[in-house]
Structures are given as structure tokens and as C-alpha cells.
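Chemist: What follows is the file model-v9.cif, containing mmCIF, C-alpha atoms:
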```
data_data
loop_
_atom_site.label_atom_id
_atom_site.label_comp_id
_atom_site.auth_asym_id
_atom_site.auth_seq_id
_atom_site.Cartn_x
_atom_site.Cartn_y
_atom_site.Cartn_z
CA MET B 1 56.65 50.48 -222.74
CA GLY B 2 55.00 51.74 -219.58
CA THR B 3 53.93 49.86 -216.51
CA ILE B 4 50.36 49.54 -217.75
CA GLN B 5 51.44 47.89 -221.01
CA ILE B 6 53.73 45.47 -219.18
CA LEU B 7 50.93 44.57 -216.76
CA PHE B 8 48.47 44.15 -219.62
CA TYR B 9 50.69 41.73 -221.50
CA PHE B 10 51.60 39.82 -218.35
CA LEU B 11 47.96 39.42 -217.29
CA SER B 12 46.89 38.47 -220.81
CA ALA B 13 49.60 35.81 -221.06
CA LEU B 14 48.67 34.49 -217.62
CA ALA B 15 44.97 34.33 -218.52
CA ILE B 16 45.51 32.54 -221.83
CA PHE B 17 48.09 30.11 -220.43
CA SER B 18 45.87 29.23 -217.48
CA ALA B 19 42.84 28.83 -219.75
CA ILE B 20 44.77 26.40 -221.94
CA MET B 21 45.91 24.52 -218.85
CA VAL B 22 42.24 24.18 -217.78
CA LEU B 23 41.72 22.10 -220.92
CA LEU B 24 44.96 20.15 -220.76
CA SER B 25 44.79 19.04 -217.13
CA ARG B 26 43.67 15.44 -216.70
CA ASN B 27 42.72 15.89 -213.07
CA PRO B 28 39.50 17.93 -212.62
CA VAL B 29 40.81 19.44 -209.38
CA HIS B 30 43.79 20.88 -211.27
CA SER B 31 41.38 22.28 -213.87
CA VAL B 32 39.49 24.11 -211.14
CA LEU B 33 42.72 25.55 -209.72
CA TRP B 34 43.82 26.78 -213.17
CA LEU B 35 40.40 28.34 -213.70
CA ILE B 36 40.85 30.23 -210.42
CA ALA B 37 44.14 31.55 -211.87
CA VAL B 38 42.19 32.74 -214.95
CA PHE B 39 39.73 34.56 -212.71
CA PHE B 40 42.56 36.24 -210.81
CA ALA B 41 44.07 37.41 -214.10
CA ILE B 42 40.73 38.79 -215.24
CA SER B 43 40.33 40.58 -211.92
CA GLY B 44 43.74 42.11 -212.54
CA HIS B 45 42.45 43.36 -215.89
CA TYR B 46 39.48 44.94 -214.12
CA VAL B 47 41.81 46.74 -211.73
CA LEU B 48 43.84 47.92 -214.71
CA LEU B 49 40.65 49.31 -216.26
CA ASN B 50 39.82 50.97 -212.91
CA ALA B 51 36.67 48.88 -212.47
CA GLN B 52 37.45 48.25 -208.82
CA PHE B 53 34.00 47.12 -207.71
CA LEU B 54 33.83 44.47 -210.44
CA ALA B 55 37.36 43.30 -209.63
CA ILE B 56 36.42 42.61 -206.01
CA VAL B 57 33.04 41.10 -206.91
CA ASN B 58 34.74 38.87 -209.49
CA LEU B 59 37.13 37.59 -206.84
CA ILE B 60 34.44 37.07 -204.21
CA VAL B 61 31.73 35.57 -206.40
CA TYR B 62 33.72 33.61 -208.99
CA ALA B 63 37.01 32.67 -207.36
CA GLY B 64 35.47 32.54 -203.90
CA ALA B 65 31.99 31.10 -204.15
CA ILE B 66 31.47 29.44 -207.52
CA MET B 67 34.84 27.71 -207.69
CA VAL B 68 34.51 26.41 -204.14
CA LEU B 69 31.15 24.97 -205.20
CA PHE B 70 32.85 23.25 -208.14
CA LEU B 71 35.63 21.90 -205.93
CA PHE B 72 33.07 20.69 -203.42
CA VAL B 73 31.12 18.78 -206.06
CA ILE B 74 34.28 17.30 -207.63
CA MET B 75 35.55 16.10 -204.26
CA LEU B 76 32.09 14.80 -203.34
CA MET B 77 32.08 12.65 -206.48
CA ASN B 78 35.70 11.59 -205.94
CA LEU B 79 36.71 12.37 -209.51
CA ASN B 80 40.37 12.04 -210.44
CA ALA B 81 42.59 11.52 -213.47
CA GLU B 82 41.88 7.78 -213.66
CA THR B 83 38.09 8.05 -213.84
CA GLU B 84 38.26 10.90 -216.32
CA PRO B 85 36.34 10.01 -219.51
CA ARG B 86 38.30 10.62 -222.69
CA LYS B 87 37.20 11.44 -226.19
CA HIS B 88 38.67 9.86 -229.26
CA ILE B 89 41.73 11.65 -230.62
CA TRP B 90 39.98 12.52 -233.89
CA MET B 91 37.11 14.12 -232.02
CA LYS B 92 39.58 16.22 -230.04
CA LEU B 93 41.38 17.24 -233.22
CA ALA B 94 38.08 18.19 -234.86
CA GLY B 95 37.14 20.31 -231.83
CA VAL B 96 40.48 22.13 -231.81
CA VAL B 97 40.37 22.75 -235.56
CA SER B 98 36.83 24.11 -235.51
CA GLY B 99 37.58 26.34 -232.52
CA GLY B 100 40.74 27.61 -234.21
CA CYS B 101 38.84 28.33 -237.41
CA LEU B 102 36.27 30.33 -235.45
CA LEU B 103 39.05 32.29 -233.72
CA MET B 104 40.81 33.06 -237.00
CA MET B 105 37.58 34.18 -238.64
CA LEU B 106 36.61 36.47 -235.75
CA ILE B 107 40.10 37.99 -235.53
CA SER B 108 40.24 38.73 -239.24
CA LEU B 109 36.75 40.26 -238.92
CA VAL B 110 37.89 42.58 -236.12
CA ARG B 111 41.08 43.52 -237.97
CA GLN B 112 39.06 44.66 -240.95
CA ALA B 113 36.61 46.76 -238.90
CA VAL B 114 37.57 50.37 -239.62
CA GLU B 115 35.34 51.82 -236.88
CA MET B 116 37.55 50.18 -234.26
CA GLY B 117 40.69 51.94 -235.44
CA GLY B 118 42.06 54.52 -233.06
CA LYS B 119 39.58 53.72 -230.27
CA LYS B 120 41.22 53.32 -226.90
CA ALA B 121 40.02 51.91 -223.61
CA MET B 122 40.65 54.27 -220.72
CA MET B 123 43.24 52.73 -218.41
CA ALA B 124 43.80 53.39 -214.70
CA GLU B 125 41.61 56.50 -214.58
CA GLY B 126 37.95 57.42 -214.88
CA ASN B 127 35.59 56.98 -211.97
CA ILE B 128 32.64 55.04 -213.41
CA GLY B 129 33.91 51.79 -211.96
CA LEU B 130 33.95 53.06 -208.39
CA ILE B 131 31.36 51.68 -206.03
CA LYS B 132 29.76 55.07 -205.37
CA ASN B 133 28.83 55.75 -208.99
CA LEU B 134 27.87 52.14 -209.70
CA GLY B 135 25.68 51.97 -206.60
CA HIS B 136 24.01 55.24 -207.48
CA ALA B 137 23.14 53.99 -210.97
CA LEU B 138 22.11 50.58 -209.66
CA PHE B 139 19.66 51.89 -207.08
CA SER B 140 18.18 54.70 -209.18
CA ASP B 141 17.93 53.64 -212.81
CA TYR B 142 18.25 49.88 -212.46
CA VAL B 143 16.35 49.23 -209.25
CA VAL B 144 13.62 47.12 -210.92
CA PRO B 145 16.08 44.67 -212.58
CA PHE B 146 17.92 44.50 -209.27
CA GLU B 147 14.75 43.45 -207.47
CA ILE B 148 13.90 40.94 -210.21
CA THR B 149 17.37 39.46 -209.65
CA SER B 150 16.46 38.68 -206.07
CA VAL B 151 13.43 36.72 -207.29
CA LEU B 152 15.74 34.88 -209.71
CA PHE B 153 18.04 33.97 -206.83
CA LEU B 154 15.14 32.74 -204.74
CA SER B 155 13.87 30.55 -207.58
CA ALA B 156 17.38 29.23 -208.27
CA MET B 157 17.77 28.34 -204.60
CA VAL B 158 14.41 26.57 -204.51
CA GLY B 159 15.27 24.77 -207.77
CA ALA B 160 18.65 23.60 -206.52
CA VAL B 161 17.13 22.28 -203.27
CA VAL B 162 14.28 20.52 -205.09
CA ILE B 163 16.63 18.92 -207.63
CA GLY B 164 19.11 17.93 -204.95
CA LYS B 165 16.53 16.33 -202.67
CA LYS B 166 15.16 13.84 -205.22
CA MET U 167 45.35 50.42 -224.59
CA PRO U 168 43.80 50.11 -228.07
CA ILE U 169 40.46 48.37 -227.90
CA GLN U 170 41.56 45.77 -230.45
CA TYR U 171 43.96 44.23 -227.95
CA TYR U 172 41.10 43.62 -225.55
CA ILE U 173 38.95 42.21 -228.34
CA PHE U 174 41.70 39.79 -229.37
CA LEU U 175 42.30 38.68 -225.78
CA CYS U 176 38.60 38.09 -225.16
CA LEU U 177 38.12 36.27 -228.47
CA THR U 178 41.02 33.98 -227.59
CA LEU U 179 39.58 33.20 -224.16
CA PHE U 180 36.14 32.64 -225.67
CA CYS U 181 37.47 30.26 -228.32
CA ILE U 182 39.47 28.34 -225.70
CA GLY U 183 36.16 27.90 -223.88
CA ILE U 184 34.50 26.66 -227.07
CA VAL U 185 37.32 24.18 -227.70
CA GLY U 186 36.91 22.94 -224.14
CA VAL U 187 33.19 22.38 -224.60
CA LEU U 188 33.86 20.49 -227.84
CA THR U 189 36.76 18.34 -226.68
CA ARG U 190 36.09 17.37 -223.06
CA ARG U 191 33.56 14.78 -221.95
CA ASN U 192 33.48 15.48 -218.24
CA ALA U 193 30.27 17.45 -217.60
CA ILE U 194 31.90 19.53 -214.86
CA ILE U 195 34.77 20.59 -217.13
CA VAL U 196 32.27 21.53 -219.85
CA PHE U 197 30.44 23.63 -217.28
CA MET U 198 33.71 25.32 -216.26
CA CYS U 199 34.44 26.17 -219.88
CA ILE U 200 31.04 27.86 -220.10
CA GLU U 201 32.09 29.95 -217.08
CA LEU U 202 35.30 30.82 -218.94
CA MET U 203 33.29 32.06 -221.93
CA LEU U 204 31.08 34.15 -219.64
CA ASN U 205 34.16 35.75 -218.12
CA ALA U 206 35.62 36.58 -221.53
CA VAL U 207 32.38 38.37 -222.41
CA ASN U 208 32.44 40.21 -219.06
CA LEU U 209 35.96 41.49 -219.68
CA LEU U 210 34.99 42.68 -223.16
CA LEU U 211 31.94 44.50 -221.77
CA VAL U 212 34.08 46.34 -219.23
CA ALA U 213 36.63 47.27 -221.91
CA PHE U 214 33.89 48.62 -224.17
CA SER U 215 32.38 50.54 -221.26
CA LYS U 216 35.73 52.23 -220.64
CA MET U 217 36.10 52.92 -224.36
CA HIS U 218 32.70 54.63 -224.43
CA HIS U 219 33.59 56.57 -221.31
CA ALA U 220 36.89 57.71 -222.79
CA ALA U 221 35.07 58.93 -225.91
CA SER U 222 32.53 61.05 -223.99
CA VAL U 223 34.56 62.29 -221.03
CA GLY U 224 36.20 64.98 -223.18
CA ASN U 225 32.96 66.92 -223.56
CA ASN U 226 31.75 66.59 -219.98
CA PRO U 227 34.25 65.56 -217.30
CA ALA U 228 31.51 64.57 -214.81
CA THR U 229 29.68 62.22 -217.17
CA THR U 230 28.84 58.66 -216.22
CA ALA U 231 28.56 57.46 -219.82
CA GLY U 232 29.50 53.82 -220.13
CA ILE U 233 28.37 52.82 -216.65
CA GLU U 234 25.69 50.57 -218.16
CA GLY U 235 28.32 48.14 -219.42
CA GLN U 236 29.63 47.57 -215.92
CA LEU U 237 26.12 47.16 -214.56
CA PHE U 238 25.45 44.52 -217.18
CA VAL U 239 28.58 42.71 -216.03
CA PHE U 240 27.20 42.79 -212.50
CA PHE U 241 23.92 41.26 -213.66
CA ILE U 242 25.76 38.63 -215.74
CA MET U 243 27.67 37.60 -212.61
CA VAL U 244 24.40 37.32 -210.68
CA VAL U 245 22.79 35.17 -213.37
CA ALA U 246 25.95 33.03 -213.62
CA ALA U 247 25.85 32.36 -209.88
CA ALA U 248 22.22 31.24 -210.10
CA GLU U 249 23.02 29.12 -213.15
CA VAL U 250 25.91 27.39 -211.42
CA SER U 251 23.85 26.43 -208.40
CA VAL U 252 21.11 24.85 -210.52
CA GLY U 253 23.54 23.29 -213.00
CA LEU U 254 25.67 21.65 -210.34
CA ALA U 255 22.52 20.29 -208.71
CA ILE U 256 21.56 18.75 -212.05
CA ILE U 257 25.05 17.25 -212.47
CA VAL U 258 24.92 15.78 -208.96
CA MET U 259 21.52 14.27 -209.72
CA MET U 260 22.86 12.83 -212.99
CA TYR U 261 25.83 11.36 -211.12
CA ARG U 262 23.53 9.70 -208.64
CA ASN U 263 21.51 8.10 -211.45
CA THR U 264 24.34 6.98 -213.75
CA HIS U 265 27.43 6.98 -211.46
CA SER U 266 29.32 8.92 -214.09
CA VAL U 267 29.70 12.51 -215.24
CA ASP U 268 30.35 11.50 -218.85
CA ILE U 269 28.11 13.59 -221.09
CA ASN U 270 27.99 10.80 -223.66
CA PHE U 271 25.61 9.02 -221.27
CA LEU U 272 23.14 11.77 -221.99
CA ASN U 273 22.68 10.76 -225.64
CA ARG U 274 19.99 8.37 -224.48
CA LEU U 275 17.80 11.47 -224.36
CA LYS U 276 17.50 11.38 -228.12
CA ASN U 277 15.65 8.04 -228.18
#
```
Please go through the file and, once you have read it, give me the structure as C-alpha cells.
Modeler:
Amino acid sequence: MGTIQILFYFLSALAIFSAIMVLLSRNPVHSVLWLIAVFFAISGHYVLLNAQFLAIVNLIVYAGAIMVLFLFVIMLMNLNAETEPRKHIWMKLAGVVSGGCLLMMLISLVRQAVEMGGKKAMMAEGNIGLIKNLGHALFSDYVVPFEITSVLFLSAMVGAVVIGKK
Amino acid sequence: MPIQYYIFLCLTLFCIGIVGVLTRRNAIIVFMCIELMLNAVNLLLVAFSKMHHAASVGNNPATTAGIEGQLFVFFIMVVAAAEVSVGLAIIVMMYRNTHSVDINFLNRLKN
């Protein structure tokens, strides 16, 4: 087993364990911290796939900005383990069973797909994830969606301010 | 890495997000689980983009095939950031009205 395989399994185990801990933590602040661990693991996967730009953007935008926003709101509301609303145990069991059924069904579906056999994702090489190539494609072929995104951001900002001021 | 491994990993993360949405009642945790599902989809898009690139780089070493997948991930991140800002504003407004983030309070919408 090479270094890439070991890193893949380690990052996958870290991501899944942290994602489960997001659900199991009573305290919302702990949930946010575990979710940051998930985002770090996913950024590690991006580095492994040589998508360096997305790895950095994932860290800056998700782990940096969005999660700080979540933490800010949770601390503003003073949520903790005692005020955490709980569902009935049967509702939780039903949710877990239905999610597990969906997972089993999707996995058996993928295992039966013959077109997927033998396909490999290119690891640690290939230069499409570098910022030069991505920026070139973004500002030549995808410049109109990029500009529309700025309008979306402006409207989201106005919406957040209007909702927050009421 | 075979692409199936990435598909299994992303399906697992996605289903953990679904279980979180179904089992938790705190609106902020539900929102975080939606972010988890978005991230699983992002990882799968990048893996598929590298799979497509690996399939077409043999014919032409300078090709940029598969770059669209990574651009879509970039746009998904942008939309997710906008969504989070509006969604958290809505949750804060709901907290100010009901002094709780329990989503079961919202079932009064159906009457």
C-alpha cells in the first residue's frame, strides 16, 4: 500500500468519524468544531486529487468564513447542551433506519454499475486543478456565470441585512 | 484510486447528513448537516472531474478536459456561502420571535 492509499483511508476515516460526531454531540459548539474537522479532511482529499485551488478555497470559505458565522450565531443565542431540544427515541431510530436503508440501496446500485468498473480517479498529478488553468477557464468560458454570481452575492447580502433588521 | 471508493465515501457522508436532518431538532444543526451534504457532493464532483481527466489525458497531454467539474464546485461553494448568510439571518429572526431554535415550532406554518 502506497502513501496515497494510506492517506486516502486515513482521511476517509477521519471524515466519516467526524461527521458521525457532528450528529452525536449534544453541545452545538462541539458539533461546529467536528464539522470543521470534516472540512479539513475533505480539503485533504482535494489536495490528494491535486485540486489545490479548491482545497484552499474550501478551507478559507467553509472552515474559515461559514463556520465562524455558525459559531457566532450559536454563541449569540447562548445555546448549550441543556437547552438542546431532543427528539423522541423512536423518531431518532426511524431517521437512522431510513438513512441506512438509503445508503445500502445506493451502495448496492453503485456496485452493480458495470460502467464504473476499472475507472480510476487521477491522484496527485494532472494540472487542471491548478489556479492558472482554473482561472483561465473561469474568465474565458464562464465569465457570464461568474458575473451573475456577484449579483447573487449582492442580493444575498441585501436579503440578510433586511431580514436581520426587522 | 478506483472511483468506486470515492463514490462510497461520498454516499456515506451524504447519508450521514440525511440522518442528521431527520434526527436532530436544532435548526442550526440541521443547517450544518445540509452543508455536510453539499460538501459530499463537492468531493464527488472533483473525483469525477479527475476521472474524466484521466480518461482523456492519454490522447492529448495538454487537454483541460474535466475542468468543468471543478468550476461547478467553485460555483456550489459560492451559492452555499450566499445560502448560509440568508439562512442564518432567518434562524436569528426565528429565534427572536420564538426564543427557541426548535424546528418543531415551525409546524404552526401548516395551520
Chemist: For a test of reading the model, state the distance in Å between atom CA of Ile269 of chain U and atom CA of Gly186 of chain U, rounded to one decimal.
Modeler: 13.2 Å
Chemist: Check the smallest atom-to-atom distance from each of B:Val144, B:Leu24, B:Ala121, B:Leu54 to chain U using only C-alpha atoms, then report the winner.
Modeler: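 Result for the nearest residue to chain U: B:Ala121.
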Chemist: Check what the PyMOL selection byres ((chain B and resi 37) around 10) selects in the file above and give those residues as a PDB file with C-alpha atoms, keeping the file's coordinate frame.
Modeler:
```
ATOM      1  CA  LEU B  14      48.670  34.490-217.620  1.00  0.00           C
ATOM      2  CA  ALA B  15      44.970  34.330-218.520  1.00  0.00           C
ATOM      3  CA  PHE B  17      48.090  30.110-220.430  1.00  0.00           C
ATOM      4  CA  SER B  18      45.870  29.230-217.480  1.00  0.00           C
ATOM      5  CA  ALA B  19      42.840  28.830-219.750  1.00  0.00           C
ATOM      6  CA  VAL B  22      42.240  24.180-217.780  1.00  0.00           C
ATOM      7  CA  SER B  31      41.380  22.280-213.870  1.00  0.00           C
ATOM      8  CA  VAL B  32      39.490  24.110-211.140  1.00  0.00           C
ATOM      9  CA  LEU B  33      42.720  25.550-209.720  1.00  0.00           C
ATOM     10  CA  TRP B  34      43.820  26.780-213.170  1.00  0.00           C
ATOM     11  CA  LEU B  35      40.400  28.340-213.700  1.00  0.00           C
ATOM     12  CA  ILE B  36      40.850  30.230-210.420  1.00  0.00           C
ATOM     13  CA  VAL B  38      42.190  32.740-214.950  1.00  0.00           C
ATOM     14  CA  PHE B  39      39.730  34.560-212.710  1.00  0.00           C
ATOM     15  CA  PHE B  40      42.560  36.240-210.810  1.00  0.00           C
ATOM     16  CA  ALA B  41      44.070  37.410-214.100  1.00  0.00           C
ATOM     17  CA  ILE B  42      40.730  38.790-215.240  1.00  0.00           C
ATOM     18  CA  SER B  43      40.330  40.580-211.920  1.00  0.00           C
ATOM     19  CA  ALA B  63      37.010  32.670-207.360  1.00  0.00           C
TER      20      ALA B  63
END
```
Chemist: Let me make sure I understand: among U:Phe197, U:Lys216, U:Leu211, U:Met260, which one has the smallest atom-to-atom distance to chain B if we use only C-alpha atoms?
Modeler: U:Lys216
Chemist: Can you list, as a ChimeraX atom specification, every protein, DNA or RNA residue that comes within 9 Å of Ile74 of chain B when you count all atoms listed in the file, leaving out same-chain residues fewer than 6 positions away?
Modeler: /B:28-29,80 /U:194
Chemist: Report as a ChimeraX atom specification the residues that result from applying the PyMOL selection byres ((chain U) within 8 of (chain B)) to the structure here.
Modeler: /U:167-170,173-175,177-179,181-186,188-192,194-195,198,202,205,209,212-214,216-220,230-233,236-237,239-241,243-245,247-252,254-256,258-259,261,268
Chemist: How far is it from atom CA of Asn27 of chain B to atom CA of Asn78 of chain B, in Å with one decimal?
Modeler: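 Calculated distance between atom CA of Asn27 of chain B and atom CA of Asn78 of chain B is 10.9 Å.
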Chemist: Interatomic distance between atom CA of Leu11 of chain B and atom CA of Ala206 of chain U?
Modeler: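 Computing the Euclidean distance for atom CA of Leu11 of chain B and atom CA of Ala206 of chain U yields 13.4 Å.
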Chemist: In terms of the shortest atom-to-atom distance over all atoms listed in the file, which of B:Val68, B:Ile131, B:Val114, B:Ser108 is closest to Gln52 of chain B?
Modeler: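 Counting all atoms listed in the file, the residue closest to Gln52 of chain B is B:Ile131.
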Chemist: Save segment 190-261 of chain U to disk from that block, C-alpha atoms included, as a PDB file, in the first residue's frame.
Modeler:
```
ATOM      1  CA  ARG U 190     -31.927  16.489  15.074  1.00  0.00           C
ATOM      2  CA  ARG U 191     -34.357  19.228  16.059  1.00  0.00           C
ATOM      3  CA  ASN U 192     -31.959  22.121  16.450  1.00  0.00           C
ATOM      4  CA  ALA U 193     -32.360  24.261  13.314  1.00  0.00           C
ATOM      5  CA  ILE U 194     -28.666  25.191  13.276  1.00  0.00           C
ATOM      6  CA  ILE U 195     -27.570  21.533  13.385  1.00  0.00           C
ATOM      7  CA  VAL U 196     -29.994  20.735  10.553  1.00  0.00           C
ATOM      8  CA  PHE U 197     -28.432  23.564   8.575  1.00  0.00           C
ATOM      9  CA  MET U 198     -24.933  22.205   9.280  1.00  0.00           C
ATOM     10  CA  CYS U 199     -25.987  18.783   8.031  1.00  0.00           C
ATOM     11  CA  ILE U 200     -27.121  20.393   4.782  1.00  0.00           C
ATOM     12  CA  GLU U 201     -23.615  21.875   4.492  1.00  0.00           C
ATOM     13  CA  LEU U 202     -22.207  18.379   5.052  1.00  0.00           C
ATOM     14  CA  MET U 203     -24.301  17.026   2.172  1.00  0.00           C
ATOM     15  CA  LEU U 204     -23.139  19.869  -0.081  1.00  0.00           C
ATOM     16  CA  ASN U 205     -19.534  19.027   0.734  1.00  0.00           C
ATOM     17  CA  ALA U 206     -20.038  15.342  -0.056  1.00  0.00           C
ATOM     18  CA  VAL U 207     -21.380  16.316  -3.470  1.00  0.00           C
ATOM     19  CA  ASN U 208     -18.436  18.681  -4.000  1.00  0.00           C
ATOM     20  CA  LEU U 209     -15.929  15.927  -3.278  1.00  0.00           C
ATOM     21  CA  LEU U 210     -17.702  13.579  -5.682  1.00  0.00           C
ATOM     22  CA  LEU U 211     -17.681  16.241  -8.418  1.00  0.00           C
ATOM     23  CA  VAL U 212     -13.938  16.734  -8.035  1.00  0.00           C
ATOM     24  CA  ALA U 213     -13.336  12.966  -8.108  1.00  0.00           C
ATOM     25  CA  PHE U 214     -15.402  12.614 -11.280  1.00  0.00           C
ATOM     26  CA  SER U 215     -13.574  15.547 -12.842  1.00  0.00           C
ATOM     27  CA  LYS U 216     -10.248  13.825 -12.202  1.00  0.00           C
ATOM     28  CA  MET U 217     -11.657  10.557 -13.550  1.00  0.00           C
ATOM     29  CA  HIS U 218     -12.709  12.284 -16.775  1.00  0.00           C
ATOM     30  CA  HIS U 219      -9.326  13.969 -16.996  1.00  0.00           C
ATOM     31  CA  ALA U 220      -7.502  10.675 -16.512  1.00  0.00           C
ATOM     32  CA  ALA U 221      -9.564   9.108 -19.303  1.00  0.00           C
ATOM     33  CA  SER U 222      -8.777  11.845 -21.848  1.00  0.00           C
ATOM     34  CA  VAL U 223      -5.213  12.824 -20.942  1.00  0.00           C
ATOM     35  CA  GLY U 224      -3.832   9.778 -22.767  1.00  0.00           C
ATOM     36  CA  ASN U 225      -4.820  11.123 -26.175  1.00  0.00           C
ATOM     37  CA  ASN U 226      -3.781  14.729 -25.615  1.00  0.00           C
ATOM     38  CA  PRO U 227      -1.438  15.516 -22.709  1.00  0.00           C
ATOM     39  CA  ALA U 228      -2.287  19.254 -22.744  1.00  0.00           C
ATOM     40  CA  THR U 229      -6.051  18.790 -22.504  1.00  0.00           C
ATOM     41  CA  THR U 230      -8.134  20.531 -19.874  1.00  0.00           C
ATOM     42  CA  ALA U 231     -10.978  18.011 -20.038  1.00  0.00           C
ATOM     43  CA  GLY U 232     -12.736  17.705 -16.712  1.00  0.00           C
ATOM     44  CA  ILE U 233     -12.094  21.269 -15.602  1.00  0.00           C
ATOM     45  CA  GLU U 234     -15.845  21.973 -15.673  1.00  0.00           C
ATOM     46  CA  GLY U 235     -16.397  19.749 -12.644  1.00  0.00           C
ATOM     47  CA  GLN U 236     -14.041  21.828 -10.544  1.00  0.00           C
ATOM     48  CA  LEU U 237     -15.629  25.049 -11.762  1.00  0.00           C
ATOM     49  CA  PHE U 238     -19.022  23.727 -10.731  1.00  0.00           C
ATOM     50  CA  VAL U 239     -17.598  23.031  -7.274  1.00  0.00           C
ATOM     51  CA  PHE U 240     -16.438  26.643  -7.143  1.00  0.00           C
ATOM     52  CA  PHE U 241     -19.931  27.877  -8.028  1.00  0.00           C
ATOM     53  CA  ILE U 242     -21.518  25.496  -5.489  1.00  0.00           C
ATOM     54  CA  MET U 243     -19.287  26.992  -2.796  1.00  0.00           C
ATOM     55  CA  VAL U 244     -20.347  30.499  -3.830  1.00  0.00           C
ATOM     56  CA  VAL U 245     -24.035  29.612  -3.712  1.00  0.00           C
ATOM     57  CA  ALA U 246     -23.560  27.838  -0.365  1.00  0.00           C
ATOM     58  CA  ALA U 247     -21.967  30.955   1.117  1.00  0.00           C
ATOM     59  CA  ALA U 248     -24.906  33.084  -0.024  1.00  0.00           C
ATOM     60  CA  GLU U 249     -27.352  30.486   1.282  1.00  0.00           C
ATOM     61  CA  VAL U 250     -25.706  30.382   4.693  1.00  0.00           C
ATOM     62  CA  SER U 251     -25.848  34.135   5.139  1.00  0.00           C
ATOM     63  CA  VAL U 252     -29.570  34.294   4.340  1.00  0.00           C
ATOM     64  CA  GLY U 253     -30.399  31.096   6.239  1.00  0.00           C
ATOM     65  CA  LEU U 254     -28.643  32.173   9.416  1.00  0.00           C
ATOM     66  CA  ALA U 255     -30.433  35.517   9.227  1.00  0.00           C
ATOM     67  CA  ILE U 256     -33.737  33.651   9.027  1.00  0.00           C
ATOM     68  CA  ILE U 257     -32.771  31.456  12.008  1.00  0.00           C
ATOM     69  CA  VAL U 258     -31.802  34.526  14.049  1.00  0.00           C
ATOM     70  CA  MET U 259     -35.133  36.140  13.200  1.00  0.00           C
ATOM     71  CA  MET U 260     -36.969  32.950  14.200  1.00  0.00           C
ATOM     72  CA  TYR U 261     -35.049  32.881  17.484  1.00  0.00           C
TER      73      TYR U 261
END
```
